[in-house]
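One file, run.txt, carrying compact mmCIF, C-alpha atoms and all ligand atoms:
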```
# COMPACT_ATOMS: atom_id res chain seq x y z
CA MET S 1 -81.31 55.32 53.69
CA GLY S 2 -82.29 57.95 51.23
CA THR S 3 -80.30 60.76 49.69
CA ALA S 4 -82.25 63.10 47.49
CA ALA S 5 -79.40 64.26 45.28
CA GLY S 6 -81.71 66.13 43.00
CA SER S 7 -83.86 67.82 45.56
CA TRP S 8 -81.65 70.85 46.18
CA ARG S 9 -81.85 71.74 42.54
CA GLY S 10 -85.62 71.44 42.68
CA ALA S 11 -85.60 73.74 45.68
CA ALA S 12 -83.26 76.12 43.89
CA LEU S 13 -85.57 76.36 40.93
CA ALA S 14 -88.63 76.87 43.10
CA TRP S 15 -86.85 79.65 44.95
CA ALA S 16 -85.67 81.27 41.75
CA LEU S 17 -89.22 81.20 40.42
CA ALA S 18 -90.47 82.75 43.65
CA LEU S 19 -87.89 85.48 43.22
CA LEU S 20 -88.95 85.97 39.62
CA ALA S 21 -92.51 86.45 40.74
CA ALA S 22 -91.49 88.82 43.54
CA GLY S 23 -89.29 90.79 41.20
CA GLY S 24 -92.16 91.63 38.92
CA ARG S 25 -93.35 94.22 41.44
CA VAL S 26 -90.30 96.44 41.19
CA GLY S 27 -89.39 98.79 38.36
CA ALA S 28 -86.36 97.33 36.57
CA LEU S 29 -83.91 98.82 34.13
CA GLU S 30 -86.01 98.88 31.00
CA ASN S 31 -83.37 97.75 28.55
CA GLY S 32 -85.12 94.41 28.11
CA LEU S 33 -81.99 92.50 29.14
CA ALA S 34 -81.16 89.97 31.86
CA ARG S 35 -84.67 88.58 32.03
CA THR S 36 -82.96 85.62 33.68
CA PRO S 37 -79.63 85.84 35.55
CA THR S 38 -76.68 86.32 33.21
CA MET S 39 -74.58 83.22 32.55
CA GLY S 40 -71.03 83.13 31.26
CA TRP S 41 -67.37 83.30 32.11
CA LEU S 42 -65.41 86.16 33.68
CA HIS S 43 -61.64 86.21 33.97
CA TRP S 44 -60.98 87.95 37.29
CA GLU S 45 -60.83 85.40 40.12
CA ARG S 46 -58.80 82.86 38.16
CA PHE S 47 -56.57 85.07 36.00
CA LEU S 48 -56.43 88.37 37.90
CA CYS S 49 -54.16 91.00 36.33
CA SER S 50 -51.42 89.04 34.66
CA THR S 51 -50.00 91.30 31.96
CA ASP S 52 -46.74 89.42 31.39
CA CYS S 53 -47.43 87.45 28.23
CA ALA S 54 -43.76 86.60 27.74
CA GLY S 55 -43.52 84.98 31.15
CA GLU S 56 -47.10 83.66 31.41
CA PRO S 57 -48.30 83.16 27.83
CA LEU S 58 -51.17 80.88 28.85
CA SER S 59 -52.63 83.00 31.59
CA CYS S 60 -51.93 86.63 30.74
CA ILE S 61 -54.91 88.87 29.96
CA SER S 62 -54.80 88.79 26.18
CA GLU S 63 -57.09 88.31 23.20
CA GLN S 64 -55.79 84.76 22.92
CA LEU S 65 -57.13 83.86 26.36
CA PHE S 66 -60.64 85.07 25.50
CA MET S 67 -60.60 83.42 22.08
CA GLN S 68 -59.61 80.13 23.66
CA MET S 69 -62.37 80.42 26.24
CA ALA S 70 -64.87 81.24 23.50
CA ASP S 71 -63.78 78.15 21.56
CA LEU S 72 -64.20 75.95 24.62
CA MET S 73 -67.54 77.47 25.56
CA VAL S 74 -68.83 76.03 22.30
CA SER S 75 -66.84 72.81 21.90
CA ASP S 76 -67.27 71.67 25.50
CA GLY S 77 -71.00 72.21 25.75
CA TRP S 78 -71.04 75.32 27.98
CA LYS S 79 -72.97 77.34 25.43
CA ASP S 80 -75.52 74.56 25.02
CA VAL S 81 -76.46 74.75 28.69
CA GLY S 82 -76.74 78.55 28.69
CA TYR S 83 -73.30 80.04 29.43
CA GLU S 84 -73.30 82.81 26.88
CA PHE S 85 -71.04 85.72 27.89
CA VAL S 86 -67.25 85.68 27.62
CA CYS S 87 -66.26 88.55 29.90
CA ILE S 88 -63.08 90.57 30.19
CA ASP S 89 -62.38 92.06 33.62
CA ASP S 90 -59.77 94.64 34.65
CA CYS S 91 -56.32 95.03 33.02
CA TRP S 92 -57.28 94.86 29.35
CA MET S 93 -56.58 98.55 28.67
CA ALA S 94 -53.57 100.50 27.59
CA MET S 95 -52.42 102.92 30.28
CA THR S 96 -53.51 105.95 28.24
CA ARG S 97 -56.48 106.90 26.09
CA ASP S 98 -55.96 107.42 22.33
CA ASP S 99 -55.58 110.89 20.77
CA GLN S 100 -59.35 111.22 20.52
CA GLY S 101 -59.79 110.41 24.20
CA ARG S 102 -61.07 106.90 23.59
CA LEU S 103 -60.15 103.88 25.69
CA GLN S 104 -57.89 101.49 23.85
CA PRO S 105 -56.74 97.96 24.59
CA ASP S 106 -53.14 97.16 25.39
CA PRO S 107 -51.65 96.91 21.88
CA GLU S 108 -49.39 93.99 22.66
CA ARG S 109 -51.90 91.82 24.42
CA PHE S 110 -54.86 92.70 22.19
CA PRO S 111 -53.15 93.37 18.84
CA SER S 112 -56.35 92.78 16.82
CA GLY S 113 -58.44 95.15 18.94
CA ILE S 114 -61.69 94.62 20.82
CA ARG S 115 -63.89 94.98 17.72
CA LYS S 116 -62.20 91.94 16.17
CA LEU S 117 -62.43 90.02 19.41
CA ALA S 118 -66.14 90.81 19.63
CA ASP S 119 -66.58 89.63 16.03
CA TYR S 120 -64.82 86.41 16.89
CA VAL S 121 -66.92 85.82 20.00
CA HIS S 122 -70.11 86.64 18.07
CA SER S 123 -69.12 84.25 15.26
CA LYS S 124 -69.32 81.51 17.90
CA GLY S 125 -72.85 82.55 18.86
CA LEU S 126 -71.57 84.04 22.13
CA LYS S 127 -71.48 87.54 23.61
CA LEU S 128 -68.60 89.70 24.80
CA GLY S 129 -68.39 91.45 28.18
CA ILE S 130 -65.94 94.21 29.04
CA TYR S 131 -64.90 96.12 32.17
CA GLY S 132 -64.67 99.77 33.14
CA ASP S 133 -64.72 101.91 36.27
CA VAL S 134 -66.95 104.76 37.39
CA GLY S 135 -63.99 106.68 38.90
CA ASN S 136 -60.70 108.12 37.72
CA LYS S 137 -58.92 104.79 37.54
CA THR S 138 -59.89 101.13 37.60
CA CYS S 139 -59.08 99.14 40.73
CA ALA S 140 -55.85 97.97 39.08
CA GLY S 141 -54.89 101.52 38.04
CA PHE S 142 -55.95 101.63 34.36
CA PRO S 143 -57.93 104.61 32.96
CA GLY S 144 -61.32 105.13 34.59
CA SER S 145 -64.43 106.46 32.86
CA TYR S 146 -65.03 109.53 35.05
CA GLY S 147 -65.71 112.43 32.69
CA TYR S 148 -65.95 110.05 29.71
CA TYR S 149 -69.19 108.13 30.29
CA ASP S 150 -70.78 108.96 26.93
CA LEU S 151 -67.62 108.44 24.94
CA ASP S 152 -66.80 105.13 26.64
CA ALA S 153 -70.35 103.82 26.25
CA GLN S 154 -70.23 104.73 22.57
CA THR S 155 -66.79 103.11 22.16
CA PHE S 156 -68.06 99.88 23.73
CA ALA S 157 -71.14 99.95 21.51
CA ASP S 158 -69.03 100.61 18.40
CA TRP S 159 -66.87 97.63 19.26
CA GLY S 160 -69.95 95.39 19.58
CA VAL S 161 -69.67 94.80 23.32
CA ASP S 162 -72.70 93.09 24.96
CA LEU S 163 -72.06 93.56 28.69
CA LEU S 164 -70.27 96.12 30.82
CA LYS S 165 -69.01 95.34 34.31
CA PHE S 166 -68.66 98.78 35.86
CA ASP S 167 -66.44 98.86 38.92
CA GLY S 168 -66.43 101.56 41.62
CA CYS S 169 -62.82 102.20 42.61
CA ASN S 170 -61.42 105.74 42.86
CA TYR S 171 -64.79 107.45 42.64
CA GLY S 172 -64.44 110.76 44.53
CA THR S 173 -67.60 111.62 46.50
CA LEU S 174 -70.64 109.42 47.15
CA ASP S 175 -72.69 111.73 44.95
CA GLN S 176 -70.21 111.25 42.12
CA LEU S 177 -70.42 107.50 42.60
CA ALA S 178 -74.21 107.51 42.26
CA GLU S 179 -74.16 110.06 39.43
CA GLY S 180 -71.56 108.01 37.61
CA TYR S 181 -73.53 104.78 37.81
CA ARG S 182 -76.69 106.56 36.65
CA ASN S 183 -74.92 108.40 33.85
CA MET S 184 -73.24 105.32 32.47
CA SER S 185 -76.59 103.50 32.46
CA LEU S 186 -78.15 106.32 30.45
CA ALA S 187 -75.11 106.55 28.18
CA LEU S 188 -75.32 102.83 27.39
CA ASN S 189 -79.03 103.14 26.65
CA ASN S 190 -78.38 106.12 24.41
CA THR S 191 -76.08 104.09 22.19
CA GLY S 192 -79.07 102.00 21.12
CA ARG S 193 -77.05 98.80 21.53
CA SER S 194 -78.20 96.11 23.97
CA ILE S 195 -75.54 96.11 26.66
CA VAL S 196 -76.12 94.33 29.97
CA TYR S 197 -75.08 96.69 32.76
CA SER S 198 -73.36 95.03 35.70
CA CYS S 199 -72.79 97.39 38.64
CA GLU S 200 -70.87 97.39 41.91
CA TRP S 201 -72.72 100.45 43.16
CA PRO S 202 -74.17 99.09 46.45
CA LEU S 203 -70.85 97.51 47.41
CA TYR S 204 -69.04 100.83 47.27
CA MET S 205 -71.76 102.95 48.89
CA ARG S 206 -72.69 100.54 51.67
CA PRO S 207 -70.04 101.46 54.21
CA MET S 208 -71.37 105.05 54.24
CA GLN S 209 -74.96 104.84 53.05
CA LYS S 210 -77.76 102.30 52.87
CA PRO S 211 -78.30 101.41 49.20
CA ASN S 212 -81.62 102.26 47.65
CA TYR S 213 -82.20 99.04 45.75
CA THR S 214 -85.26 100.29 43.93
CA GLU S 215 -83.12 102.99 42.38
CA ILE S 216 -80.22 100.64 41.72
CA LYS S 217 -82.51 98.20 39.94
CA HIS S 218 -83.83 101.07 37.89
CA TYR S 219 -80.33 101.59 36.45
CA CYS S 220 -78.51 98.26 36.65
CA ASN S 221 -79.10 94.70 35.42
CA HIS S 222 -77.13 93.24 38.32
CA TRP S 223 -75.21 94.61 41.22
CA ARG S 224 -72.52 93.39 43.59
CA ASN S 225 -73.38 93.82 47.27
CA TYR S 226 -70.36 92.31 48.92
CA GLY S 227 -66.56 92.09 48.55
CA ASP S 228 -64.61 90.03 46.05
CA ILE S 229 -64.85 86.26 46.08
CA TYR S 230 -61.69 84.21 46.25
CA ASP S 231 -61.04 80.54 45.83
CA ALA S 232 -61.71 79.41 49.39
CA TRP S 233 -64.58 78.09 51.48
CA ASN S 234 -64.15 80.95 53.92
CA SER S 235 -64.91 83.41 51.14
CA VAL S 236 -68.03 81.52 50.00
CA LYS S 237 -69.14 81.28 53.64
CA ASN S 238 -68.69 85.02 54.16
CA ILE S 239 -70.84 85.79 51.13
CA LEU S 240 -73.55 83.42 52.35
CA ASP S 241 -73.43 84.85 55.87
CA TRP S 242 -73.72 88.37 54.53
CA THR S 243 -76.63 87.37 52.29
CA ALA S 244 -78.47 85.65 55.13
CA LEU S 245 -78.00 88.70 57.34
CA HIS S 246 -79.23 91.17 54.72
CA GLN S 247 -81.87 89.04 53.04
CA ASP S 248 -84.72 91.34 54.07
CA SER S 249 -83.27 94.20 52.04
CA ILE S 250 -82.10 92.27 48.96
CA VAL S 251 -84.32 89.25 48.25
CA ASP S 252 -87.53 90.94 47.14
CA ILE S 253 -85.81 93.26 44.72
CA ALA S 254 -84.35 90.51 42.50
CA GLY S 255 -86.28 89.55 39.41
CA PRO S 256 -86.30 89.81 35.62
CA GLY S 257 -84.05 92.68 34.57
CA GLY S 258 -82.21 93.07 37.89
CA TRP S 259 -80.33 90.60 40.09
CA ASN S 260 -78.18 90.52 43.21
CA ASP S 261 -74.68 89.45 42.24
CA PRO S 262 -72.79 87.49 44.92
CA ASP S 263 -69.76 87.40 42.56
CA MET S 264 -68.22 84.69 40.41
CA LEU S 265 -68.51 80.90 40.61
CA VAL S 266 -65.11 79.52 41.57
CA ILE S 267 -66.08 75.90 40.93
CA GLY S 268 -63.42 74.00 38.98
CA ASN S 269 -60.45 75.74 40.62
CA PHE S 270 -58.27 74.72 43.57
CA GLY S 271 -59.76 75.89 46.82
CA LEU S 272 -63.17 74.25 47.30
CA SER S 273 -63.79 70.62 48.18
CA TRP S 274 -66.41 68.76 46.15
CA ASP S 275 -69.04 69.33 48.80
CA GLN S 276 -68.18 73.01 48.94
CA GLN S 277 -68.47 73.26 45.14
CA LEU S 278 -71.92 71.65 45.36
CA THR S 279 -72.82 74.22 47.97
CA GLN S 280 -71.70 77.13 45.84
CA MET S 281 -73.72 75.88 42.85
CA ALA S 282 -76.81 75.19 44.94
CA LEU S 283 -76.74 78.45 46.86
CA TRP S 284 -75.97 80.62 43.82
CA ALA S 285 -78.99 79.00 42.17
CA ILE S 286 -81.12 79.64 45.24
CA MET S 287 -80.01 83.27 45.26
CA ALA S 288 -80.97 83.54 41.56
CA ALA S 289 -77.45 84.84 41.01
CA PRO S 290 -75.72 85.58 37.73
CA LEU S 291 -73.63 82.47 36.99
CA LEU S 292 -70.27 83.80 35.84
CA MET S 293 -67.63 81.11 36.12
CA SER S 294 -64.07 82.18 36.81
CA ASN S 295 -62.04 79.08 36.13
CA ASP S 296 -59.78 77.74 33.41
CA LEU S 297 -62.05 76.02 30.91
CA ARG S 298 -58.95 74.30 29.50
CA HIS S 299 -58.58 72.44 32.79
CA VAL S 300 -61.90 71.78 34.47
CA SER S 301 -62.36 68.34 36.06
CA PRO S 302 -65.19 66.19 34.70
CA GLN S 303 -66.90 66.42 38.07
CA ALA S 304 -66.81 70.23 38.18
CA LYS S 305 -67.94 70.37 34.56
CA TRP S 306 -70.85 68.11 35.35
CA LEU S 307 -71.85 70.30 38.25
CA LEU S 308 -71.60 73.55 36.31
CA GLN S 309 -73.44 72.13 33.31
CA ASN S 310 -76.21 70.38 35.20
CA LYS S 311 -79.56 71.57 33.91
CA GLU S 312 -81.82 69.25 35.86
CA ASP S 313 -84.85 71.01 37.21
CA ASN S 314 -85.25 67.99 39.21
CA ASN S 315 -88.17 66.00 40.02
CA PHE S 316 -85.74 63.14 40.47
CA GLU S 317 -84.82 61.48 43.70
CA LEU S 318 -81.88 59.23 44.28
CA TRP S 319 -82.32 56.66 47.05
CA GLU S 320 -79.79 54.16 48.22
CA ARG S 321 -79.42 51.37 50.78
CA PRO S 322 -76.19 49.62 51.67
CA LEU S 323 -76.42 45.88 51.15
CA SER S 324 -74.10 43.16 52.38
CA ARG S 325 -70.64 42.59 50.88
CA GLY S 326 -69.97 46.18 49.81
CA ALA S 327 -73.00 46.47 47.54
CA TYR S 328 -75.65 49.20 47.30
CA ALA S 329 -79.21 49.21 46.04
CA VAL S 330 -79.82 52.49 44.21
CA ALA S 331 -83.27 53.66 43.13
CA VAL S 332 -83.69 56.56 40.69
CA LEU S 333 -87.24 57.85 40.98
CA ASN S 334 -88.79 60.33 38.52
CA ARG S 335 -91.56 62.13 40.39
CA GLN S 336 -92.66 64.17 37.41
CA GLU S 337 -96.28 63.55 36.42
CA ILE S 338 -96.24 65.30 33.08
CA GLY S 339 -94.45 64.64 29.80
CA GLY S 340 -92.44 61.62 28.76
CA PRO S 341 -89.39 59.76 30.06
CA GLN S 342 -86.65 62.03 31.48
CA ILE S 343 -82.94 61.49 31.75
CA PHE S 344 -81.31 61.95 35.13
CA SER S 345 -77.53 62.42 34.92
CA PHE S 346 -75.46 61.99 38.03
CA SER S 347 -71.92 61.26 39.08
CA THR S 348 -71.06 57.90 40.65
CA SER S 349 -69.36 59.98 43.33
CA PHE S 350 -72.85 60.49 44.77
CA LEU S 351 -73.11 56.79 45.57
CA GLY S 352 -72.20 55.28 48.91
CA ASN S 353 -70.84 58.58 50.24
CA GLY S 354 -68.34 58.60 47.40
CA LEU S 355 -67.11 55.09 48.23
CA ALA S 356 -69.34 52.84 46.11
CA CYS S 357 -67.33 53.28 42.92
CA ASN S 358 -63.94 54.04 44.38
CA PRO S 359 -61.79 52.84 42.78
CA VAL S 360 -64.21 50.79 40.63
CA CYS S 361 -67.70 49.34 40.78
CA SER S 362 -69.87 47.13 38.66
CA ILE S 363 -73.41 48.31 38.00
CA GLN S 364 -76.36 46.17 37.15
CA GLN S 365 -79.83 47.42 36.32
CA ILE S 366 -82.36 45.29 38.21
CA LEU S 367 -85.61 47.03 37.20
CA PRO S 368 -87.43 47.64 34.87
CA THR S 369 -85.30 45.05 33.05
CA SER S 370 -82.16 43.22 33.98
CA GLU S 371 -79.12 44.70 32.21
CA ASP S 372 -75.43 44.67 32.87
CA TRP S 373 -74.02 48.21 32.79
CA GLY S 374 -70.42 47.08 33.21
CA LEU S 375 -67.61 48.65 35.17
CA HIS S 376 -67.34 52.27 36.28
CA ASN S 377 -65.04 54.33 38.40
CA TRP S 378 -65.62 57.27 40.70
CA VAL S 379 -65.50 59.83 37.88
CA SER S 380 -68.12 58.06 35.74
CA PHE S 381 -71.41 59.71 34.97
CA LEU S 382 -74.62 57.76 34.67
CA ASN S 383 -77.40 58.80 32.38
CA VAL S 384 -80.54 57.08 33.57
CA GLU S 385 -83.79 57.34 31.65
CA VAL S 386 -86.87 57.02 33.83
CA ASN S 387 -90.57 57.15 32.94
CA PRO S 388 -92.82 59.68 34.74
CA THR S 389 -93.52 58.35 38.26
CA GLY S 390 -91.34 55.33 37.45
CA THR S 391 -88.15 54.06 39.04
CA VAL S 392 -84.99 52.45 37.78
CA LEU S 393 -83.39 50.17 40.34
CA LEU S 394 -79.66 49.50 40.23
CA LYS S 395 -77.28 47.27 42.11
CA VAL S 396 -73.82 48.76 42.57
CA VAL S 397 -71.04 46.49 43.78
CA VAL S 398 -67.74 47.92 44.98
CA ILE S 399 -64.67 46.28 43.48
CA THR S 400 -61.84 46.78 45.91
CA GLU S 401 -59.14 44.94 43.94
CA PRO S 402 -57.31 47.49 41.81
CA PRO S 403 -58.48 46.86 38.24
CA ASP S 404 -55.81 45.98 35.73
CA GLU S 405 -54.98 48.70 33.23
CA LYS S 406 -56.63 46.90 30.34
CA LEU S 407 -59.91 46.79 32.19
CA VAL S 408 -59.83 50.48 32.97
CA MET S 409 -59.07 51.31 29.36
CA ASN S 410 -61.94 49.19 28.18
CA MET S 411 -64.14 50.82 30.70
CA ASN S 412 -63.23 54.31 29.54
CA LYS S 413 -63.28 53.54 25.84
CA ASN S 414 -66.43 51.49 25.65
CA PRO S 415 -69.02 52.90 27.96
CA SER S 416 -72.34 51.14 27.80
CA PRO S 417 -74.93 53.05 25.78
CA ASP S 418 -76.64 54.11 28.99
CA ILE S 419 -73.53 55.68 30.39
CA LEU S 420 -72.13 59.07 29.52
C1 LIG S 501 -62.67 95.00 42.14
C2 LIG S 501 -63.87 94.14 41.74
C3 LIG S 501 -63.39 92.78 41.25
C4 LIG S 501 -62.45 92.97 40.07
C5 LIG S 501 -61.30 93.86 40.47
C6 LIG S 501 -60.44 94.23 39.28
O1 LIG S 501 -62.02 94.49 43.25
O2 LIG S 501 -64.76 94.01 42.82
O3 LIG S 501 -64.49 91.98 40.89
O4 LIG S 501 -63.16 93.50 38.99
O5 LIG S 501 -61.75 95.08 41.06
O6 LIG S 501 -59.41 95.10 39.60
```

This structure in structure tokens:
Amino acid sequence: MGTAAGSWRGAALAWALALLAAGGRVGALENGLARTPTMGWLHWERFLCSTDCAGEPLSCISEQLFMQMADLMVSDGWKDVGYEFVCIDDCWMAMTRDDQGRLQPDPERFPSGIRKLADYVHSKGLKLGIYGDVGNKTCAGFPGSYGYYDLDAQTFADWGVDLLKFDGCNYGTLDQLAEGYRNMSLALNNTGRSIVYSCEWPLYMRPMQKPNYTEIKHYCNHWRNYGDIYDAWNSVKNILDWTALHQDSIVDIAGPGGWNDPDMLVIGNFGLSWDQQLTQMALWAIMAAPLLMSNDLRHVSPQAKWLLQNKEDNNFELWERPLSRGAYAVAVLNRQEIGGPQIFSFSTSFLGNGLACNPVCSIQQILPTSEDWGLHNWVSFLNVEVNPTGTVLLKVVVITEPPDEKLVMNMNKNPSPDIL
């Protein structure tokens, strides 16, 4: 008996707060930004470097892709829960600079230009991130910023960019790498525009030299320590293993203004099981990581969306006991002793090891009052309001007979008022 579905999030928050407190001791980049870890969407893991808009119109790196993501960030509630940055990664540029030496977007894929795209993103109340590289070329072979730090920073500022991811491919010597990261930080500050500075500095220097995190935090708002994430449990595991192994050198440094970046969230894609997606969310929260989703917001399952949008700071506990005849008693306990009633939202897939509502279950509230909550399936979400220190007790009964279509439609169309 007893699963505390909410407790990992409580632990995550406590850990993040501990990191916040610890971080106060270290001098951070004084641009006033990233007081909490950056949240948003970044194209790389899901969309990579697709430049063929004729062949792949829905997934090529184009202004249309970022405008669609911006639309969905607002209409699907991402912005409301804090995802704010719509970020372009590599492969947005034209292969050459313009006649004044400025970077320019690929004219076919970004016909309106980045300034217009930034205006669009801003009109939605969101912010725009862009990508560059400290060396001669980006990792995908587009123009790098080496020798152009001031001009590129100014170009980004003129366009209204709000975040720069600065990669470290093709950098020359280690001194040039460090110089480049420092110079771009200063160049961004000199523009006078608030631009979050996301570095990969320690990742590129680590094979040869131990990173000086105090210095890195002095120049960067977040920094990648480890290789690129991909959509597989093995990749998430490797990042966690690396983090556990190096925790003594990276945990204390994180705090307002500067964060370790274990790379993008790949929740909502193809490669992680549900449990593995829960693990990524929980552990990225525990690491106080930037939360940059790389998925297709046009096709995110309700379950993944719930996980990515979950804001509970959780003083809730979810307890359950199997009863006879395929039923479960479920208690939702609110342990908070301050404030008023709180709503705890959770997926029915938490119940009975995922079996209680698969394919369908009926739910009855037993306490504080008796109420019939009707039929639900395994992708339903329950929204349970509980008084401080109070409990709502439910009885969930598995229905093994496949429901007829009419029933399922009714169930989906007419959720009870307590059900999301
Ligand atoms: C590097 C970075 C990735 C991504 C690609 C783009 O590998 O670490 O996050 O930006 O380059 O080419």

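Residues within 12 Å of Met208 (chain S), counting only C-alpha atoms and excluding same-chain residues fewer than 3 positions away, are Thr173, Leu174, Asp175, Leu177, Pro202, Leu203, Tyr204, Met205 and Pro211 of chain S.
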
Please produce a file of those selected residues containing C-alpha atoms, as a tab-separated table (two decimals), in the frame of the given file.
```tsv
chain	number	residue	atom	x	y	z
S	173	THR	CA	-67.60	111.62	46.50
S	174	LEU	CA	-70.64	109.42	47.15
S	175	ASP	CA	-72.69	111.73	44.95
S	177	LEU	CA	-70.42	107.50	42.60
S	202	PRO	CA	-74.17	99.09	46.45
S	203	LEU	CA	-70.85	97.51	47.41
S	204	TYR	CA	-69.04	100.83	47.27
S	205	MET	CA	-71.76	102.95	48.89
S	211	PRO	CA	-78.30	101.41	49.20
```

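Compared by their closest atoms to ligand LIG 501 (chain S), and using only C-alpha atoms and all ligand atoms, the residues S:Val74, S:Leu163, S:Ala140, S:Ala153 rank with S:Ala140 nearest.
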
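Distance check against ligand LIG 501 (chain S) using only C-alpha atoms and all ligand atoms: of S:Gly227, S:Gly374, S:Pro388, S:Pro207, the minimum falls on S:Gly227.
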
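Surrounding region 113-130 of chain S within 8 Å are Glu63, Met67, Ala70, Asp71, Val74, Lys79, Glu84, Phe85, Val86, Cys87, Ile88, Asp89, Pro105, Pro107, Phe110, Pro111, Gly132, Asp158, Trp159, Gly160, Val161, Asp162, Leu163, Leu164 and Lys165 of chain S, with only C-alpha atoms counted and residues fewer than 2 positions along the same chain left out.
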
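Among the candidates S:Tyr181, S:Tyr146, S:Trp373, S:Trp223, the residue lying nearest to ligand LIG 501 (chain S) is S:Trp223 (atoms considered: all atoms listed in the file).
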
Write out as CSV a residue-level contact list of chain S versus ligand LIG 501 (chain S) with cut-off 10 Å: for each qualifying residue the closest pair of atoms and the distance in Å to one decimal, counting all atoms listed in the file, rows sorted by chain and residue number upward.
```
residue,atom,partner,partner_atom,distance
S:Leu42,CA,S:LIG501,O3,9.3
S:His43,CA,S:LIG501,O4,9.0
S:Trp44,CA,S:LIG501,C4,5.9
S:Glu45,CA,S:LIG501,O3,7.6
S:Leu48,CA,S:LIG501,C6,7.2
S:Cys49,CA,S:LIG501,O6,7.4
S:Ile88,CA,S:LIG501,O4,9.3
S:Asp89,CA,S:LIG501,O4,5.6
S:Asp90,CA,S:LIG501,C6,4.7
S:Cys91,CA,S:LIG501,O6,7.3
S:Tyr131,CA,S:LIG501,O4,7.5
S:Gly132,CA,S:LIG501,O4,8.7
S:Asp133,CA,S:LIG501,O5,8.9
S:Lys137,CA,S:LIG501,O6,9.9
S:Thr138,CA,S:LIG501,O6,6.4
S:Cys139,CA,S:LIG501,O6,4.2
S:Ala140,CA,S:LIG501,O6,4.6
S:Gly141,CA,S:LIG501,O6,8.0
S:Phe142,CA,S:LIG501,O6,9.1
S:Lys165,CA,S:LIG501,O4,7.7
S:Phe166,CA,S:LIG501,O4,8.2
S:Asp167,CA,S:LIG501,C2,6.1
S:Gly168,CA,S:LIG501,C1,7.6
S:Cys169,CA,S:LIG501,C1,7.2
S:Cys199,CA,S:LIG501,O2,9.7
S:Glu200,CA,S:LIG501,O2,7.0
S:Leu203,CA,S:LIG501,O2,8.4
S:Tyr204,CA,S:LIG501,O2,9.2
S:Arg224,CA,S:LIG501,O2,7.8
S:Asn225,CA,S:LIG501,O2,9.7
S:Tyr226,CA,S:LIG501,O2,8.5
S:Gly227,CA,S:LIG501,O2,6.3
S:Asp228,CA,S:LIG501,O2,5.1
S:Ile229,CA,S:LIG501,O3,7.7
S:Tyr230,CA,S:LIG501,O3,9.8
S:Asp263,CA,S:LIG501,O3,7.2
S:Met264,CA,S:LIG501,O3,8.2
```

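Minimum atom-to-atom distances from S:Val332, S:Leu29, S:Met69, S:Ala94 to Val300 (chain S) were compared using all atoms listed in the file, and the lowest value belongs to S:Met69.
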
*Once you count all atoms listed in the file, which residues end up no further than 8 Å from (-71.2, 108.1, 31.9) in the file's frame, shown as JSON, numbers by chain?*
{"S": [134, 145, 146, 147, 148, 149, 150, 151, 152, 153, 180, 181, 182, 183, 184, 185, 186, 187]}

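Closest approach to Ser347 (chain S) among S:Gly390, S:Pro322, S:Gly82, S:Pro302: S:Pro302, based on all atoms listed in the file.
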
_Residues within 12 Å of Glu56 (chain S), please, as a PyMOL selection string. Count all atoms listed in the file; anything in the same chain fewer than 5 positions from it doesn't count._
chain S and resi 47+49-51+61-62+65+109

*asked:* Quick one: residues within 7 Å of Ile363 (chain S), all atoms listed in the file, excluding same-chain residues fewer than 5 positions away - as a PyMOL selection string?
replied: chain S and resi 372-375+394-397

What would the file look like if the residues just selected were written as a CSV table (one decimal), in the coordinates of the input with C-alpha atoms?
```
chain,number,residue,atom,x,y,z
S,372,ASP,CA,-75.4,44.7,32.9
S,373,TRP,CA,-74.0,48.2,32.8
S,374,GLY,CA,-70.4,47.1,33.2
S,375,LEU,CA,-67.6,48.6,35.2
S,394,LEU,CA,-79.7,49.5,40.2
S,395,LYS,CA,-77.3,47.3,42.1
S,396,VAL,CA,-73.8,48.8,42.6
S,397,VAL,CA,-71.0,46.5,43.8
```
